[in-house]
$ cat entry-v3.txt   # compact mmCIF, C-alpha atoms and all ligand atoms
# COMPACT_ATOMS: atom_id res chain seq x y z
CA MET A 424 -0.63 -21.67 13.42
CA GLN A 425 2.06 -19.01 13.62
CA LEU A 426 4.18 -17.58 10.83
CA SER A 427 7.32 -15.81 11.94
CA GLY A 428 10.44 -14.25 10.52
CA ARG A 429 13.56 -13.53 12.53
CA GLY A 430 16.50 -11.33 11.62
CA LEU A 431 15.58 -11.28 7.95
CA VAL A 432 18.01 -9.70 5.54
CA CYS A 433 16.95 -8.93 1.98
CA VAL A 434 19.47 -8.07 -0.73
CA ARG A 435 18.37 -7.25 -4.26
CA GLY A 436 20.68 -6.36 -7.13
CA GLY A 437 23.59 -6.34 -4.68
CA ARG A 438 21.93 -3.70 -2.52
CA GLU A 439 20.62 -4.32 0.99
CA VAL A 440 16.90 -3.53 1.06
CA PHE A 441 16.33 -4.33 4.74
CA ALA A 442 18.11 -6.14 7.55
CA GLY A 443 17.22 -7.44 10.99
CA LEU A 444 13.52 -7.62 10.18
CA ASP A 445 11.31 -9.55 12.61
CA PHE A 446 7.62 -10.26 12.10
CA GLU A 447 4.95 -12.66 13.18
CA ALA A 448 1.34 -13.44 12.37
CA ARG A 449 -0.98 -15.92 14.00
CA SER A 450 -4.10 -17.74 12.82
CA GLY A 451 -6.95 -15.31 12.54
CA GLU A 452 -4.66 -12.32 12.22
CA ALA A 453 -3.98 -9.88 9.39
CA VAL A 454 -0.74 -7.93 9.13
CA ALA A 455 -0.52 -4.85 6.91
CA VAL A 456 3.03 -4.29 5.68
CA VAL A 457 3.53 -0.57 5.15
CA GLY A 458 6.46 1.63 4.20
CA ARG A 459 7.66 4.02 1.54
CA ASN A 460 8.10 2.99 -2.11
CA GLY A 461 11.08 0.69 -2.45
CA SER A 462 11.28 -0.15 1.26
CA GLY A 463 10.89 -3.86 0.54
CA LYS A 464 7.22 -4.73 1.10
CA THR A 465 6.91 -6.81 -2.07
CA SER A 466 10.32 -8.33 -1.38
CA LEU A 467 9.16 -9.49 2.05
CA LEU A 468 6.10 -11.21 0.56
CA ARG A 469 8.32 -12.88 -2.05
CA LEU A 470 10.70 -14.09 0.65
CA ILE A 471 7.81 -15.70 2.53
CA ALA A 472 6.43 -17.21 -0.69
CA GLY A 473 9.83 -18.77 -1.44
CA LEU A 474 10.26 -16.68 -4.60
CA LEU A 475 13.36 -14.97 -3.15
CA VAL A 476 16.00 -16.38 -0.84
CA PRO A 477 16.84 -14.37 2.28
CA ALA A 478 20.46 -13.24 2.61
CA GLY A 479 20.09 -13.88 6.33
CA GLY A 480 17.56 -14.87 8.97
CA THR A 481 14.80 -17.47 9.05
CA ILE A 482 11.13 -17.82 8.20
CA ALA A 483 9.05 -20.57 9.82
CA LEU A 484 5.44 -21.69 9.97
CA ALA A 485 4.54 -23.47 13.21
CA GLY A 486 1.36 -25.51 13.38
CA GLY A 487 0.86 -25.83 9.64
CA ASP A 488 0.77 -29.02 7.56
CA SER A 489 4.05 -30.81 8.30
CA GLU A 490 3.93 -32.59 4.94
CA LEU A 491 3.90 -29.34 2.98
CA THR A 492 6.52 -26.63 2.57
CA LEU A 493 5.69 -23.05 3.57
CA PRO A 494 5.31 -21.93 -0.08
CA GLU A 495 2.88 -24.81 -0.66
CA GLN A 496 0.72 -23.41 2.14
CA CYS A 497 0.78 -19.85 0.75
CA HIS A 498 -1.25 -18.02 -1.83
CA TYR A 499 0.85 -15.25 -3.35
CA LEU A 500 -1.10 -12.58 -5.19
CA GLY A 501 1.32 -10.17 -6.82
CA HIS A 502 0.35 -6.67 -7.80
CA ARG A 503 0.28 -7.78 -11.42
CA ASP A 504 -2.52 -10.26 -12.12
CA ALA A 505 -1.00 -13.46 -13.46
CA LEU A 506 -3.53 -14.30 -16.16
CA LYS A 507 -3.26 -15.81 -19.61
CA PRO A 508 -4.99 -13.33 -21.95
CA ALA A 509 -6.10 -15.91 -24.54
CA LEU A 510 -7.76 -18.15 -21.96
CA SER A 511 -11.27 -17.46 -20.75
CA VAL A 512 -12.10 -16.53 -17.18
CA VAL A 513 -13.07 -20.09 -16.28
CA GLU A 514 -10.03 -21.54 -18.11
CA ASN A 515 -7.68 -19.22 -16.23
CA LEU A 516 -9.15 -20.36 -12.95
CA ALA A 517 -8.83 -24.02 -13.99
CA PHE A 518 -5.20 -23.39 -14.97
CA TRP A 519 -4.42 -21.97 -11.53
CA ALA A 520 -6.26 -24.76 -9.74
CA ASP A 521 -4.20 -27.35 -11.70
CA PHE A 522 -0.98 -25.41 -11.12
CA LEU A 523 -1.55 -24.99 -7.39
CA GLY A 524 -2.83 -28.54 -6.87
CA GLY A 525 -4.56 -29.81 -3.77
CA GLU A 526 -8.27 -29.97 -3.14
CA ARG A 527 -10.34 -27.87 -5.51
CA PHE A 528 -13.41 -26.04 -4.24
CA ASP A 529 -16.36 -24.85 -6.29
CA ALA A 530 -14.80 -22.77 -9.10
CA GLU A 531 -18.17 -21.61 -10.44
CA GLY A 532 -19.22 -20.55 -6.96
CA SER A 533 -15.94 -18.66 -6.56
CA LEU A 534 -16.62 -16.72 -9.76
CA THR A 535 -20.11 -15.88 -8.51
CA THR A 536 -18.69 -14.68 -5.19
CA VAL A 537 -16.24 -12.33 -6.91
CA GLY A 538 -18.93 -11.11 -9.32
CA LEU A 539 -17.64 -12.68 -12.54
CA ASP A 540 -20.35 -15.28 -13.13
CA HIS A 541 -21.63 -13.28 -16.13
CA ALA A 542 -18.19 -13.36 -17.79
CA THR A 543 -17.00 -16.95 -17.39
CA ASP A 544 -16.37 -17.48 -21.14
CA LEU A 545 -14.79 -14.08 -21.82
CA PRO A 546 -11.06 -14.14 -22.69
CA ALA A 547 -9.04 -12.58 -19.88
CA ALA A 548 -7.63 -10.12 -22.43
CA PHE A 549 -11.04 -8.39 -22.47
CA LEU A 550 -11.36 -7.97 -18.71
CA SER A 551 -11.09 -4.58 -17.05
CA ALA A 552 -8.40 -4.04 -14.40
CA GLY A 553 -10.92 -4.53 -11.60
CA GLN A 554 -12.31 -7.67 -13.23
CA ARG A 555 -8.78 -9.08 -13.59
CA ARG A 556 -8.22 -8.48 -9.90
CA ARG A 557 -11.54 -10.19 -9.08
CA LEU A 558 -10.46 -13.22 -11.13
CA SER A 559 -7.20 -13.35 -9.17
CA LEU A 560 -9.21 -13.30 -5.94
CA ALA A 561 -11.24 -16.29 -7.16
CA ARG A 562 -7.99 -18.31 -6.94
CA LEU A 563 -7.98 -17.79 -3.18
CA LEU A 564 -11.39 -19.41 -2.94
CA THR A 565 -11.00 -22.24 -5.44
CA VAL A 566 -7.82 -23.57 -3.84
CA ARG A 567 -7.71 -23.18 -0.06
CA ARG A 568 -4.38 -22.31 1.49
CA PRO A 569 -3.98 -20.93 5.02
CA VAL A 570 -1.47 -18.15 4.34
CA TRP A 571 -2.53 -15.32 2.04
CA LEU A 572 0.29 -13.07 0.84
CA LEU A 573 -1.32 -10.13 -0.91
CA ASP A 574 0.45 -7.31 -2.72
CA GLU A 575 -1.69 -4.18 -3.00
CA PRO A 576 -4.81 -6.38 -3.16
CA THR A 577 -7.41 -3.61 -3.32
CA THR A 578 -5.86 -1.86 -6.33
CA ALA A 579 -8.43 -1.44 -9.12
CA LEU A 580 -11.33 -2.70 -7.01
CA ASP A 581 -14.38 -0.43 -6.88
CA ALA A 582 -16.13 0.28 -3.57
CA ALA A 583 -18.38 -2.79 -3.86
CA GLY A 584 -15.35 -4.91 -4.80
CA GLN A 585 -13.44 -3.68 -1.77
CA ASP A 586 -16.39 -4.58 0.49
CA MET A 587 -16.64 -8.02 -1.12
CA PHE A 588 -12.92 -8.57 -0.66
CA ALA A 589 -13.00 -7.40 2.98
CA GLY A 590 -15.70 -10.05 3.56
CA LEU A 591 -13.52 -12.73 1.94
CA MET A 592 -10.57 -11.76 4.15
CA ARG A 593 -12.74 -11.83 7.29
CA ASP A 594 -14.07 -15.30 6.36
CA HIS A 595 -10.51 -16.51 5.80
CA LEU A 596 -9.40 -15.23 9.20
CA THR A 597 -12.46 -16.74 10.87
CA ARG A 598 -11.52 -20.12 9.36
CA GLY A 599 -8.09 -19.81 11.05
CA GLY A 600 -6.13 -18.44 8.10
CA LEU A 601 -3.69 -15.57 8.24
CA ILE A 602 -3.01 -12.66 5.92
CA ILE A 603 0.06 -10.60 5.21
CA ALA A 604 -0.70 -7.74 2.86
CA ALA A 605 1.59 -5.07 1.45
CA THR A 606 -0.48 -1.97 1.10
CA HIS A 607 -0.51 1.80 0.79
CA ALA A 608 -4.29 1.91 1.21
CA PRO A 609 -6.52 0.76 4.09
CA LEU A 610 -7.25 -2.96 3.82
CA GLY A 611 -10.81 -2.63 5.04
CA ILE A 612 -10.33 -5.08 7.92
CA ASP A 613 -8.60 -4.90 11.29
CA ALA A 614 -4.89 -5.44 10.73
CA ARG A 615 -1.73 -5.09 12.75
CA GLU A 616 0.81 -2.79 11.10
CA LEU A 617 4.32 -3.90 10.22
CA ARG A 618 6.35 -0.92 9.07
CA ILE A 619 9.45 -1.48 6.96
CA GLY A 620 12.10 1.24 6.75
CA GLY A 621 11.36 4.81 7.79
CA ALA A 622 8.04 6.62 7.67
CA ALA A 623 6.33 6.59 4.31
N1 LIG B 1 14.61 -7.69 -9.65
C1 LIG B 1 15.23 -6.74 -8.94
N2 LIG B 1 16.55 -6.53 -9.06
C2 LIG B 1 17.18 -5.59 -8.33
N3 LIG B 1 16.56 -4.79 -7.44
C3 LIG B 1 15.24 -4.97 -7.28
C4 LIG B 1 14.51 -5.95 -8.01
N4 LIG B 1 13.23 -5.88 -7.64
C5 LIG B 1 13.15 -4.92 -6.70
N5 LIG B 1 14.36 -4.36 -6.50
C6 LIG B 1 14.68 -3.28 -5.55
O1 LIG B 1 14.37 -3.73 -4.25
C7 LIG B 1 13.87 -2.63 -3.48
C8 LIG B 1 12.58 -3.05 -2.81
O2 LIG B 1 11.58 -3.25 -3.81
P1 LIG B 1 10.11 -3.71 -3.43
O3 LIG B 1 9.36 -3.89 -4.71
O4 LIG B 1 10.19 -4.83 -2.49
O5 LIG B 1 9.60 -2.41 -2.64
P2 LIG B 1 8.11 -2.03 -2.16
O6 LIG B 1 8.23 -1.56 -0.74
O7 LIG B 1 7.17 -3.12 -2.43
O8 LIG B 1 7.82 -0.77 -3.09
P3 LIG B 1 6.43 -0.11 -3.63
O9 LIG B 1 5.79 0.56 -2.46
O10 LIG B 1 6.93 0.88 -4.63
O11 LIG B 1 5.61 -1.22 -4.25
C9 LIG B 1 13.75 -1.45 -4.43
O12 LIG B 1 14.85 -0.58 -4.22
C10 LIG B 1 13.81 -2.08 -5.80
O13 LIG B 1 14.42 -1.24 -6.73
$ encode --input "entry-v3.txt" --output "structure tokens"
Amino acid sequence: MQLSGRGLVCVRGGREVFAGLDFEARSGEAVAVVGRNGSGKTSLLRLIAGLLVPAGGTIALAGGDSELTLPEQCHYLGHRDALKPALSVVENLAFWADFLGGERFDAEGSLTTVGLDHATDLPAAFLSAGQRRRLSLARLLTVRRPVWLLDEPTTALDAAGQDMFAGLMRDHLTRGGLIIAATHAPLGIDARELRIGGAA
């Protein structure tokens, strides 16, 4: 599987954010998107996820599932955790599994892996920032998709959480997945760097 972008142009609010951007990532590979604030890291992830339309250029996934679109093969984890505060931990995960569709893996096991098994019935409103991020990570495990698009994924995770997450990313790569992560901090795994704009 190979995800590639060629000659990508991103325009937001009438202003060109980047142009002529090329990238590629293969199965088993992680790419860390780096660059100064406002250089377009989040925008690139949103272009790949189909949440923004490029003003130019192409994005293609070769070797994926030909019956699914690229966005249907991506997990997009934004830097804000998309959780419903009134729903419990387990209800939020069930919501996402229904929304994303496809085969559902062991939700309870996912919550144990991310360290939230003691809080399954707690409303998401009561979770700490790190716990909210852990619940978002459980989505990645409950519904399997090969392309992980992660925006500042380690934000709010404590040292043990970062280690746990690094293990999840390594497992995903070992299974043939690929990761594109926008980050200002080390990801905790080997990753090729894709720099957008000038030096940070
Ligand atoms: N909804 C929007 N409308 C107009 N401009 C936007 C919008 N969202 C982002 N932008 C602009 O697009 C540019 C790129 O933003 P983006 O969030 O992709 O940058 P980033 O590299 O992820 O930044 P950071 O490191 O601060 O997270 C910025 O100049 C930003 O102001």
$ atom_distance --input "entry-v3.txt" --atom1 "atom CA of Ala552 of chain A" --atom2 "atom CA of Pro576 of chain A"
12.0 Å
$ atom_distance --input "entry-v3.txt" --atom1 "atom CA of Asp521 of chain A" --atom2 "atom CA of Gly538 of chain A"
22.1 Å
$ residues_around --input "entry-v3.txt" --residues "Pro494 of chain A" --least-positions-apart "6" --cutoff "12 Å" --atoms "all atoms listed in the file" --output "list in words"
Leu426, Leu468, Arg469, Leu470, Ile471, Ala472, Gly473, Leu474, Leu475, Ile482, Ala483, Leu484, Gly487, Asp488, Leu523, Arg568, Pro569, Val570, Trp571 and Leu572 of chain A
$ atom_distance --input "entry-v3.txt" --atom1 "atom CA of Thr465 of chain A" --atom2 "atom CA of Pro546 of chain A"
28.3 Å
$ closest_residue --input "entry-v3.txt" --among "A:Thr481, A:Thr492, A:Thr606, A:Ser427" --to "ligand LIG 1 (chain B)" --atoms "all atoms listed in the file"
A:Thr606
$ axis_aligned_box --input "entry-v3.txt" --around "ligand LIG 1 (chain B)" --padding-each-side "4 Å" --output "JSON"
{"center_x": 11.4, "center_y": -3.4, "center_z": -5.2, "size_x": 19.6, "size_y": 16.6, "size_z": 16.9}
$ closest_residue --input "entry-v3.txt" --among "A:Ala520, A:Ala530, A:Gly600, A:Phe588" --to "Gly553 of chain A" --atoms "only C-alpha atoms"
A:Phe588
$ residues_near_ligand --input "entry-v3.txt" --ligand "ligand LIG 1 (chain B)" --cutoff "6 Å" --atoms "only C-alpha atoms and all ligand atoms" --output "JSON, numbers by chain"
{"A": [435, 436, 440, 459, 460, 461, 462, 463, 464, 465, 466]}
$ residues_around --input "entry-v3.txt" --residues "His541 of chain A" --least-positions-apart "6" --cutoff "12 Å" --atoms "only C-alpha atoms" --output "MDAnalysis selection string"
chainID A and resid 512:513 531:532 534:535 550 554
$ write_last_selection --input "entry-v3.txt" --atoms "C-alpha atoms" --output "short mmCIF file (atom, residue, chain, number, x, y, z; two decimals), keeping the file's coordinate frame"
data_model
loop_
_atom_site.label_atom_id
_atom_site.label_comp_id
_atom_site.auth_asym_id
_atom_site.auth_seq_id
_atom_site.Cartn_x
_atom_site.Cartn_y
_atom_site.Cartn_z
CA VAL A 512 -12.10 -16.53 -17.18
CA VAL A 513 -13.07 -20.09 -16.28
CA GLU A 531 -18.17 -21.61 -10.44
CA GLY A 532 -19.22 -20.55 -6.96
CA LEU A 534 -16.62 -16.72 -9.76
CA THR A 535 -20.11 -15.88 -8.51
CA LEU A 550 -11.36 -7.97 -18.71
CA GLN A 554 -12.31 -7.67 -13.23
#
$ residues_around --input "entry-v3.txt" --residues "segment 583-587 of chain A" --least-positions-apart "4" --cutoff "10 Å" --atoms "all atoms listed in the file" --output "list in words"
Thr536, Val537, Gly538, Gly553, Gln554, Arg556, Arg557, Pro576, Thr577, Thr578, Ala579, Leu591, Met592, Leu610, Gly611 and Ile612 of chain A
$ residues_around --input "entry-v3.txt" --residues "Glu514 of chain A" --least-positions-apart "2" --cutoff "12 Å" --atoms "all atoms listed in the file" --output "ChimeraX atom specification"
/A:506-512,516-521,530-531,534,542-547,558,562
$ residues_around --input "entry-v3.txt" --residues "Gly430 of chain A" --least-positions-apart "6" --cutoff "9 Å" --atoms "only C-alpha atoms" --output "list in words"
Ala442, Gly443, Leu444, Asp445, Phe446, Gly479, Gly480 and Thr481 of chain A
$ closest_residue --input "entry-v3.txt" --among "A:Arg593, A:Arg618, A:Arg598, A:Arg567" --to "Phe528 of chain A" --atoms "all atoms listed in the file"
A:Arg567
$ closest_residue --input "entry-v3.txt" --among "A:Leu560, A:Leu431, A:Ala478, A:Leu601" --to "Leu539 of chain A" --atoms "only C-alpha atoms"
A:Leu560
$ closest_residue --input "entry-v3.txt" --among "A:Glu439, A:Asp581, A:Glu490, A:Glu452" --to "His595 of chain A" --atoms "all atoms listed in the file"
A:Glu452
$ closest_residue --input "entry-v3.txt" --among "A:Val566, A:Ala548, A:Leu500, A:Ala561" --to "Gly525 of chain A" --atoms "only C-alpha atoms"
A:Val566
$ residues_near_point --input "entry-v3.txt" --point "(-8.2, -14.6, 13.8)" --cutoff "7 Å" --atoms "all atoms listed in the file" --output "list of chain:residue names"
A:Ser450, A:Gly451, A:Glu452, A:Leu596, A:Thr597, A:Gly599
$ build_atoms --input "entry-v3.txt" --residues "segment 451-470 of chain A" --atoms "N, CA and C atoms" --output "PDB file, keeping the file's coordinate frame"
ATOM      1  N   GLY A 451      -5.897 -16.275  12.261  1.00  0.00           N
ATOM      2  CA  GLY A 451      -6.950 -15.310  12.540  1.00  0.00           C
ATOM      3  C   GLY A 451      -6.483 -13.868  12.529  1.00  0.00           C
ATOM      4  N   GLU A 452      -5.219 -13.674  12.135  1.00  0.00           N
ATOM      5  CA  GLU A 452      -4.660 -12.320  12.220  1.00  0.00           C
ATOM      6  C   GLU A 452      -4.246 -11.822  10.824  1.00  0.00           C
ATOM      7  N   ALA A 453      -4.456 -10.517  10.616  1.00  0.00           N
ATOM      8  CA  ALA A 453      -3.980  -9.880   9.390  1.00  0.00           C
ATOM      9  C   ALA A 453      -2.885  -8.882   9.746  1.00  0.00           C
ATOM     10  N   VAL A 454      -1.839  -8.880   8.947  1.00  0.00           N
ATOM     11  CA  VAL A 454      -0.740  -7.930   9.130  1.00  0.00           C
ATOM     12  C   VAL A 454      -0.646  -7.081   7.869  1.00  0.00           C
ATOM     13  N   ALA A 455      -0.668  -5.767   8.047  1.00  0.00           N
ATOM     14  CA  ALA A 455      -0.520  -4.850   6.910  1.00  0.00           C
ATOM     15  C   ALA A 455       0.931  -4.371   6.885  1.00  0.00           C
ATOM     16  N   VAL A 456       1.635  -4.713   5.815  1.00  0.00           N
ATOM     17  CA  VAL A 456       3.030  -4.290   5.680  1.00  0.00           C
ATOM     18  C   VAL A 456       3.022  -2.925   4.997  1.00  0.00           C
ATOM     19  N   VAL A 457       3.548  -1.932   5.690  1.00  0.00           N
ATOM     20  CA  VAL A 457       3.530  -0.570   5.150  1.00  0.00           C
ATOM     21  C   VAL A 457       4.954  -0.029   5.103  1.00  0.00           C
ATOM     22  N   GLY A 458       5.143   1.014   4.329  1.00  0.00           N
ATOM     23  CA  GLY A 458       6.460   1.630   4.200  1.00  0.00           C
ATOM     24  C   GLY A 458       6.543   2.352   2.867  1.00  0.00           C
ATOM     25  N   ARG A 459       7.541   3.214   2.750  1.00  0.00           N
ATOM     26  CA  ARG A 459       7.660   4.020   1.540  1.00  0.00           C
ATOM     27  C   ARG A 459       7.937   3.134   0.317  1.00  0.00           C
ATOM     28  N   ASN A 460       7.774   3.716  -0.876  1.00  0.00           N
ATOM     29  CA  ASN A 460       8.100   2.990  -2.110  1.00  0.00           C
ATOM     30  C   ASN A 460       9.541   2.503  -2.054  1.00  0.00           C
ATOM     31  N   GLY A 461       9.733   1.244  -2.403  1.00  0.00           N
ATOM     32  CA  GLY A 461      11.080   0.690  -2.450  1.00  0.00           C
ATOM     33  C   GLY A 461      11.614   0.213  -1.112  1.00  0.00           C
ATOM     34  N   SER A 462      10.783   0.251  -0.071  1.00  0.00           N
ATOM     35  CA  SER A 462      11.280  -0.150   1.260  1.00  0.00           C
ATOM     36  C   SER A 462      11.392  -1.667   1.398  1.00  0.00           C
ATOM     37  N   GLY A 463      10.721  -2.413   0.513  1.00  0.00           N
ATOM     38  CA  GLY A 463      10.890  -3.860   0.540  1.00  0.00           C
ATOM     39  C   GLY A 463       9.641  -4.647   0.899  1.00  0.00           C
ATOM     40  N   LYS A 464       8.472  -4.037   0.754  1.00  0.00           N
ATOM     41  CA  LYS A 464       7.220  -4.730   1.100  1.00  0.00           C
ATOM     42  C   LYS A 464       6.989  -5.949   0.187  1.00  0.00           C
ATOM     43  N   THR A 465       7.070  -5.698  -1.119  1.00  0.00           N
ATOM     44  CA  THR A 465       6.910  -6.810  -2.070  1.00  0.00           C
ATOM     45  C   THR A 465       7.990  -7.855  -1.843  1.00  0.00           C
ATOM     46  N   SER A 466       9.212  -7.389  -1.592  1.00  0.00           N
ATOM     47  CA  SER A 466      10.320  -8.330  -1.380  1.00  0.00           C
ATOM     48  C   SER A 466      10.036  -9.221  -0.183  1.00  0.00           C
ATOM     49  N   LEU A 467       9.475  -8.670   0.876  1.00  0.00           N
ATOM     50  CA  LEU A 467       9.160  -9.490   2.050  1.00  0.00           C
ATOM     51  C   LEU A 467       8.147 -10.579   1.687  1.00  0.00           C
ATOM     52  N   LEU A 468       7.107 -10.203   0.958  1.00  0.00           N
ATOM     53  CA  LEU A 468       6.100 -11.210   0.560  1.00  0.00           C
ATOM     54  C   LEU A 468       6.754 -12.300  -0.286  1.00  0.00           C
ATOM     55  N   ARG A 469       7.675 -11.892  -1.167  1.00  0.00           N
ATOM     56  CA  ARG A 469       8.320 -12.880  -2.050  1.00  0.00           C
ATOM     57  C   ARG A 469       9.269 -13.779  -1.265  1.00  0.00           C
ATOM     58  N   LEU A 470       9.869 -13.246  -0.215  1.00  0.00           N
ATOM     59  CA  LEU A 470      10.700 -14.090   0.650  1.00  0.00           C
ATOM     60  C   LEU A 470       9.835 -15.162   1.319  1.00  0.00           C
TER      61      LEU A 470
END
